[in-house]
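The structure appears right after this line, and notes come after that.
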Amino acid sequence: MSKRRARLPKPKQPLHPEKARSWKPSWRGLFTFSGWILAALVWTLDLPSKVDDFYQHRNQAWRHIAPAILNPKTYEGRWTNDPELRPDVNLITDGSQPNDNGTVQLYLEEDKQGNFSGEIETSRMGSSLVAWSRVMVDGHIPLWGGFDGTVWDVQGGSRRALAFFHLSTSDEMGGQAIQFSSDSNFSQVLPSKTVLWRTDAKMSDGKMGSEYKKVLMQVVRERVGTK
């Protein structure tokens, strides 16, 4: 009767050198991974100050990346449609500040909060029922671009909107001009369309509206006649 030989367990094969390296912990990788976590943690902790810094400088940054139709710098400053003050003509002066005789004269500035305010003077207001031809404006840049402005004055102790207008970029004069437009409903105080260009000329002080003056004088005569 033959005896069965007991099977001995096979010796384990040593791992291939490449496989052996694959399972060994990589201290260099672990250190790199830990450094990444630390950097992310520091960045996260510093995020509020970064957001606050960006918010404080958002307007300056926007001026460098925004297209012209959305850039506040496009609409800031003094504007006129006086043909004698076109920047593409040879202006000869004696060094003094010239007077602005444009039928539309506009001044806009932006404050730290991004709000626009200024003044406007038009020849149409000088011939209208508006008390004075130089009044206030304010406005903003809408999401679709350009500039939407409101012409207003103080009447009866409160603010009253006189008209609305829109500014957009223009290709005239090498892109240094803007298009001024207004609805025909406000034709008594604003032109429906005109091109404005930058100027350093002195803005007109304005004058009393001729129609307003007539009504005012009529009221005065009536009051004098009743005494």
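Identifiers in this document derive from the order of the structure tokens: chains are assigned A, B, ..., residues are numbered from 1 separately in each chain, and ligands are numbered from 1 in order of occurrence.
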Selection near segment 180-195 of chain A, 9 Å with only C-alpha atoms, sequence-local residues under 3 positions removed, as a PyMOL selection string: chain A and resi 80-81+103-104+122-130+133+162-168+170+172+177
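Computed from the coordinates, the atom CA of His140 of chain A to atom CA of Gly175 of chain A distance equals 20.7 Å.
Closest to Thr74 of chain A among A:Leu216, A:Met208, A:Ile178, A:Leu106 is A:Ile178, based on only C-alpha atoms.
Among the residues of segment 93-189 of chain A, backbone DSSP assigns helix (DSSP H, G or I) to Met125, Gly126, Ser127, Glu172, Met173, Gly174, Gly175, Ser184, Asn185 and Phe186 of chain A.
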Within 10 Å of Pro83 of chain A using only C-alpha atoms, minus same-chain residues under 5 positions, as a list in words: Val89, Asp100, Asn101, Gly102, Thr103, Leu196 and Trp197 of chain A
Using N, CA and C atoms, can you export the residues from the last selection as a compact mmCIF listing (two decimals), in the first residue's frame?
```
# COMPACT_ATOMS: atom_id res chain seq x y z
N VAL A 89 -10.39 118.83 -35.78
CA VAL A 89 -10.09 120.04 -36.55
C VAL A 89 -8.95 120.77 -35.87
N ASP A 100 -18.06 126.90 -24.49
CA ASP A 100 -18.81 125.85 -25.18
C ASP A 100 -20.13 126.44 -25.66
N ASN A 101 -20.35 126.41 -26.97
CA ASN A 101 -21.59 126.91 -27.55
C ASN A 101 -22.41 125.79 -28.17
N GLY A 102 -22.16 124.57 -27.76
CA GLY A 102 -22.90 123.43 -28.31
C GLY A 102 -24.37 123.46 -27.91
N THR A 103 -25.21 122.89 -28.76
CA THR A 103 -26.63 122.82 -28.43
C THR A 103 -26.90 121.75 -27.37
N LEU A 196 -21.70 113.55 -29.70
CA LEU A 196 -20.95 114.37 -28.76
C LEU A 196 -19.48 113.96 -28.78
N TRP A 197 -18.60 114.93 -28.56
CA TRP A 197 -17.17 114.65 -28.45
C TRP A 197 -16.62 115.36 -27.22
```
Per DSSP on the backbone, filter segment 77-151 of chain A down to the residues in strand (DSSP E) and report them as a PDB file with C-alpha atoms, in the first residue's frame.
```
ATOM      1  CA  GLY A  77     -16.033 113.705 -18.640  1.00  0.00           C
ATOM      2  CA  ARG A  78     -17.136 116.807 -20.549  1.00  0.00           C
ATOM      3  CA  TRP A  79     -18.973 116.440 -23.862  1.00  0.00           C
ATOM      4  CA  THR A  80     -20.322 118.806 -26.501  1.00  0.00           C
ATOM      5  CA  VAL A 104     -25.974 119.888 -26.077  1.00  0.00           C
ATOM      6  CA  GLN A 105     -23.366 120.207 -23.343  1.00  0.00           C
ATOM      7  CA  LEU A 106     -22.889 117.355 -20.903  1.00  0.00           C
ATOM      8  CA  TYR A 107     -20.742 116.602 -17.872  1.00  0.00           C
ATOM      9  CA  LEU A 108     -20.642 113.197 -16.161  1.00  0.00           C
ATOM     10  CA  GLU A 109     -18.584 111.810 -13.308  1.00  0.00           C
ATOM     11  CA  GLU A 110     -18.619 108.496 -11.445  1.00  0.00           C
ATOM     12  CA  PHE A 116     -23.045 108.698 -12.182  1.00  0.00           C
ATOM     13  CA  SER A 117     -24.083 112.312 -11.743  1.00  0.00           C
ATOM     14  CA  GLY A 118     -23.479 115.602 -13.502  1.00  0.00           C
ATOM     15  CA  GLU A 119     -25.136 118.388 -15.471  1.00  0.00           C
ATOM     16  CA  ILE A 120     -26.568 119.024 -18.905  1.00  0.00           C
ATOM     17  CA  GLU A 121     -27.335 122.194 -20.834  1.00  0.00           C
ATOM     18  CA  THR A 122     -29.324 122.260 -24.064  1.00  0.00           C
ATOM     19  CA  ARG A 134     -28.707 123.921 -17.223  1.00  0.00           C
ATOM     20  CA  VAL A 135     -29.967 121.176 -14.927  1.00  0.00           C
ATOM     21  CA  MET A 136     -28.814 117.993 -13.217  1.00  0.00           C
ATOM     22  CA  VAL A 137     -28.404 114.494 -14.609  1.00  0.00           C
ATOM     23  CA  ASP A 138     -27.690 111.079 -13.171  1.00  0.00           C
ATOM     24  CA  GLY A 139     -27.614 107.600 -14.626  1.00  0.00           C
ATOM     25  CA  HIS A 140     -26.077 104.165 -14.831  1.00  0.00           C
ATOM     26  CA  PHE A 147     -25.519 104.630 -20.576  1.00  0.00           C
ATOM     27  CA  ASP A 148     -29.059 105.455 -19.450  1.00  0.00           C
ATOM     28  CA  GLY A 149     -29.456 108.956 -18.036  1.00  0.00           C
ATOM     29  CA  THR A 150     -32.159 111.016 -16.370  1.00  0.00           C
ATOM     30  CA  VAL A 151     -32.456 114.794 -16.744  1.00  0.00           C
TER      31      VAL A 151
END
```
